[in-house]
Amino acid sequence: MEQVVHLEQVFYRREKEEILKNIHWTVRKGDHWALLGLNGSGKTTILNIITGYIWPTLGKVTVLGELYGTVDLREMRKQIGWVSSSLQEKLYSNDKTQNIVISGKHASIGLYERTTEQDVEKAKILMEQLGCSHLFDRPYQTCSQGEKQKLLIARALMASPKLLILDEATNGLDFLSREALLASIQQLASQPDSPTILYVTHHIEEIIPVFNRTLMIRRGEVFEQGASSDVLTNETLSSFFETPIRVNWHNQRAWIYK
Ligand SMILES: Nc1ncnc2c1ncn2[C@@H]1O[C@H](COP(=O)(O)OP(=O)(O)OP(=O)(O)O)[C@@H](O)[C@H]1O
């Protein structure tokens with residue numbers, strides 16, 4: 001099956017510190033991955049390597065069939081959407097929600113290009129898909145944190161990326177908003193034309209069924225990877241967190257207890 005991301009023997013060293021060690025990871029089309037790791041384990045570094053913002057000390061990086069080192073990274077980045085909470089602070093809060101979404105087509109902060117009818121139509125469809133079409137025409141600043149996250153995902157989808165990175169997408173959300181956002185993501189990722197999603201989280205219960213694969217990173221190394229149902233076990237998680245953990249599967253999601 002088609003490879004979306006392929007990291008081969010990737011190392012990243014900084015001032016003698018080994019931040020990533022010998023990462024082998026293949027993401028295939030049709031799969032959606034959860035990336036699980038404690039603070040400082042190396043998740044963001046991996047994402048920065050995939051998006052070409054940092055260069056590995058050693059190893060081979062292939063994204064969407066293109067080997068890094070032989071490809072224009074700006075062109076690559078047009079095919080990769082990255083939603084993180086730091087993006088929220090950068091956007092103009094007075095902008096209307098539809099402008100925030102439509103400007104994703106040009107990956108710009110603010111909307112400077114002419115908007116076509118098709119752009120508006122596409123923004124509406126995406127907002128509908130993410131369950132936030134009722135926000136059309138609202139100033140972005142009046143939206144709740146959960147609504148803003150949905151808008152940012154719609155914004156990333158405006159550029160029709162092949163790869164979508166959702167980086168701690170539920171940060172700052174209350175329980176209900178988080179569940180609403182996860183339901184939208186589940187819905188989105190289940191569409192046949194969905195981009196491949198990489199979902200970074202600290203929370204195991206956020207690994208919804210559509211994230212059929214999980215990569216566990218610990219201290220810059222792959223601790224375990226594979227089918228989520230195979231790796232999210234009492235044994236693996238206890239060993240990963242270095243403390244006894246019990247897993248309870250409910251609604252095809254793993255909930256953990258200490
Ligand atoms: N440029 C750098 N120079 C030195 N150390 C770095 C650099 N970039 C990252 N690190 C270190 O590498 C480690 C991994 O960082 P990274 O941001 O990838 O972790 P993370 O898993 O994304 O963490 P979090 O969940 O807290 O965001 C951390 O200890 C960090 O301090």
# chains A, B, ... in the order shown; residues from 1 in each chain; ligands from 1

call {"tool": "residues_near_ligand", "arguments": {"ligand": "ligand 1", "cutoff": "6 Å", "atoms": "only C-alpha atoms and all ligand atoms", "output": "list in words"}}
result
Arg14, Ile19, Gly37, Leu38, Asn39, Gly40, Ser41, Gly42, Lys43, Thr44 and Thr45 of chain A

call {"tool": "select_by_dssp", "arguments": {"residues": "stretch 45-230 of chain A", "states": "alpha helix (DSSP H)", "output": "ChimeraX atom specification"}}
result
/A:45-50,73-77,85-90,97-102,117-129,145-157,175-190,228-230

call {"tool": "atom_distance", "arguments": {"atom1": "atom CA of A:Ile153", "atom2": "atom CA of A:Leu67"}}
result
26.9 Å

call {"tool": "residues_around", "arguments": {"residues": "A:Leu126", "least_positions_apart": "6", "cutoff": "12 Å", "atoms": "only C-alpha atoms", "output": "list in words"}}
result
Gln98, Val101, Ile102, Gly104, Asp119, Val120, Cys132, Ser133, His134, Leu135, Phe136, Lys150, Leu151, Leu152, Ile153, Ala154, Arg155, Ala156, Leu157, Met158, Ala159, Ser160, Ser184, Ile185, Gln187, Leu188 and Ser194 of chain A

call {"tool": "write_last_selection", "arguments": {"atoms": "C-alpha atoms", "output": "tab-separated table (two decimals), in the first residue's frame"}}
result
chain	number	residue	atom	x	y	z
A	98	GLN	CA	-15.19	31.97	7.08
A	101	VAL	CA	-11.18	28.92	7.14
A	102	ILE	CA	-10.77	30.21	3.56
A	104	GLY	CA	-6.16	28.09	4.88
A	119	ASP	CA	-13.87	28.83	-1.92
A	120	VAL	CA	-16.90	29.95	0.04
A	132	CYS	CA	-19.48	24.15	12.99
A	133	SER	CA	-21.40	25.56	10.01
A	134	HIS	CA	-23.63	27.53	12.41
A	135	LEU	CA	-20.58	29.69	13.15
A	136	PHE	CA	-20.39	31.04	9.60
A	150	LYS	CA	-12.93	22.77	14.69
A	151	LEU	CA	-12.48	25.91	12.60
A	152	LEU	CA	-8.72	25.36	12.52
A	153	ILE	CA	-9.19	21.82	11.27
A	154	ALA	CA	-11.59	23.09	8.57
A	155	ARG	CA	-8.95	25.73	7.74
A	156	ALA	CA	-6.25	23.08	7.31
A	157	LEU	CA	-8.57	21.03	5.08
A	158	MET	CA	-9.18	24.02	2.80
A	159	ALA	CA	-5.82	23.31	1.13
A	160	SER	CA	-6.85	19.65	0.53
A	184	SER	CA	-15.93	15.26	14.28
A	185	ILE	CA	-12.45	13.83	13.77
A	187	GLN	CA	-16.36	11.36	11.11
A	188	LEU	CA	-13.76	13.16	9.01
A	194	SER	CA	-9.82	11.88	4.12

call {"tool": "atom_distance", "arguments": {"atom1": "atom CA of A:His24", "atom2": "atom CA of A:Ser238"}}
result
22.8 Å

call {"tool": "residues_around", "arguments": {"residues": "A:Val83", "least_positions_apart": "3", "cutoff": "9 Å", "atoms": "only C-alpha atoms", "output": "number ranges by chain"}}
result
A: 86-88, 149, 152-153, 155-156, 164-169

call {"tool": "residues_around", "arguments": {"residues": "A:Leu7", "least_positions_apart": "2", "cutoff": "7 Å", "atoms": "only C-alpha atoms", "output": "CSV table (one decimal) with N, CA and C atoms, in the first residue's frame"}}
result
chain,number,residue,atom,x,y,z
A,5,VAL,N,4.3,8.4,4.9
A,5,VAL,CA,5.5,8.8,5.6
A,5,VAL,C,6.4,7.6,5.8
A,9,GLN,N,15.8,4.9,9.9
A,9,GLN,CA,17.0,5.0,10.7
A,9,GLN,C,17.3,6.5,11.0
A,10,VAL,N,16.3,7.2,11.5
A,10,VAL,CA,16.4,8.7,11.8
A,10,VAL,C,16.9,8.9,13.2
A,23,ILE,N,14.9,6.0,14.6
A,23,ILE,CA,13.4,5.9,14.4
A,23,ILE,C,13.2,5.3,13.0
A,24,HIS,N,12.4,4.2,13.1
A,24,HIS,CA,11.9,3.5,11.9
A,24,HIS,C,10.4,3.6,12.0
A,25,TRP,N,9.8,4.2,11.0
A,25,TRP,CA,8.3,4.4,11.1
A,25,TRP,C,7.7,4.5,9.7
A,26,THR,N,6.7,3.7,9.3
A,26,THR,CA,6.1,3.8,8.0
A,26,THR,C,4.6,4.1,8.3
A,60,LYS,N,16.9,8.7,6.6
A,60,LYS,CA,16.2,9.0,5.4
A,60,LYS,C,14.8,9.3,5.7
A,61,VAL,N,14.3,10.4,5.1
A,61,VAL,CA,12.9,10.8,5.3
A,61,VAL,C,12.2,10.9,3.9
A,62,THR,N,11.1,10.1,3.8
A,62,THR,CA,10.3,10.2,2.6
A,62,THR,C,8.9,10.5,3.0

call {"tool": "residues_around", "arguments": {"residues": "A:Tyr140", "least_positions_apart": "6", "cutoff": "6 Å", "atoms": "only C-alpha atoms", "output": "ChimeraX atom specification"}}
result
/A:93,95-97

call {"tool": "write_last_selection", "arguments": {"atoms": "N, CA and C atoms", "output": "PDB file, in the first residue's frame"}}
result
ATOM      1  N   SER A  93      -8.012  37.874  15.512  1.00  0.00           N
ATOM      2  CA  SER A  93      -9.228  37.489  16.217  1.00  0.00           C
ATOM      3  C   SER A  93     -10.467  38.228  15.709  1.00  0.00           C
ATOM      4  N   ASP A  95     -11.194  38.633  12.612  1.00  0.00           N
ATOM      5  CA  ASP A  95     -11.617  38.040  11.340  1.00  0.00           C
ATOM      6  C   ASP A  95     -12.898  37.233  11.510  1.00  0.00           C
ATOM      7  N   LYS A  96     -13.681  37.202  10.451  1.00  0.00           N
ATOM      8  CA  LYS A  96     -14.855  36.328  10.436  1.00  0.00           C
ATOM      9  C   LYS A  96     -14.390  34.880  10.302  1.00  0.00           C
ATOM     10  N   THR A  97     -15.175  33.982  10.857  1.00  0.00           N
ATOM     11  CA  THR A  97     -14.785  32.560  10.820  1.00  0.00           C
ATOM     12  C   THR A  97     -14.524  32.067   9.396  1.00  0.00           C
TER      13      THR A  97
END

call {"tool": "atom_distance", "arguments": {"atom1": "atom CA of A:Asn212", "atom2": "atom CA of A:Asp31"}}
result
6.5 Å

call {"tool": "residues_around", "arguments": {"residues": "A:Phe211", "least_positions_apart": "2", "cutoff": "12 Å", "atoms": "only C-alpha atoms", "output": "ChimeraX atom specification"}}
result
/A:27,30-36,166,182,185-190,196-201,204-209,213-215,226-229,232,252-254

call {"tool": "select_by_dssp", "arguments": {"residues": "stretch 17-238 of chain A", "states": "strand (DSSP E or B)", "output": "ChimeraX atom specification"}}
result
/A:17-28,33-36,58-63,66-67,80-84,96,139,163-167,196-201,213-218,221-227

call {"tool": "closest_residue", "arguments": {"among": "A:Leu58, A:Arg74, A:Arg114, A:Ser103", "to": "A:Glu18", "atoms": "only C-alpha atoms"}}
result
A:Leu58

call {"tool": "closest_residue", "arguments": {"among": "A:Gly59, A:Gly65, A:Pro139, A:Gly131", "to": "A:Ala183", "atoms": "only C-alpha atoms"}}
result
A:Gly131
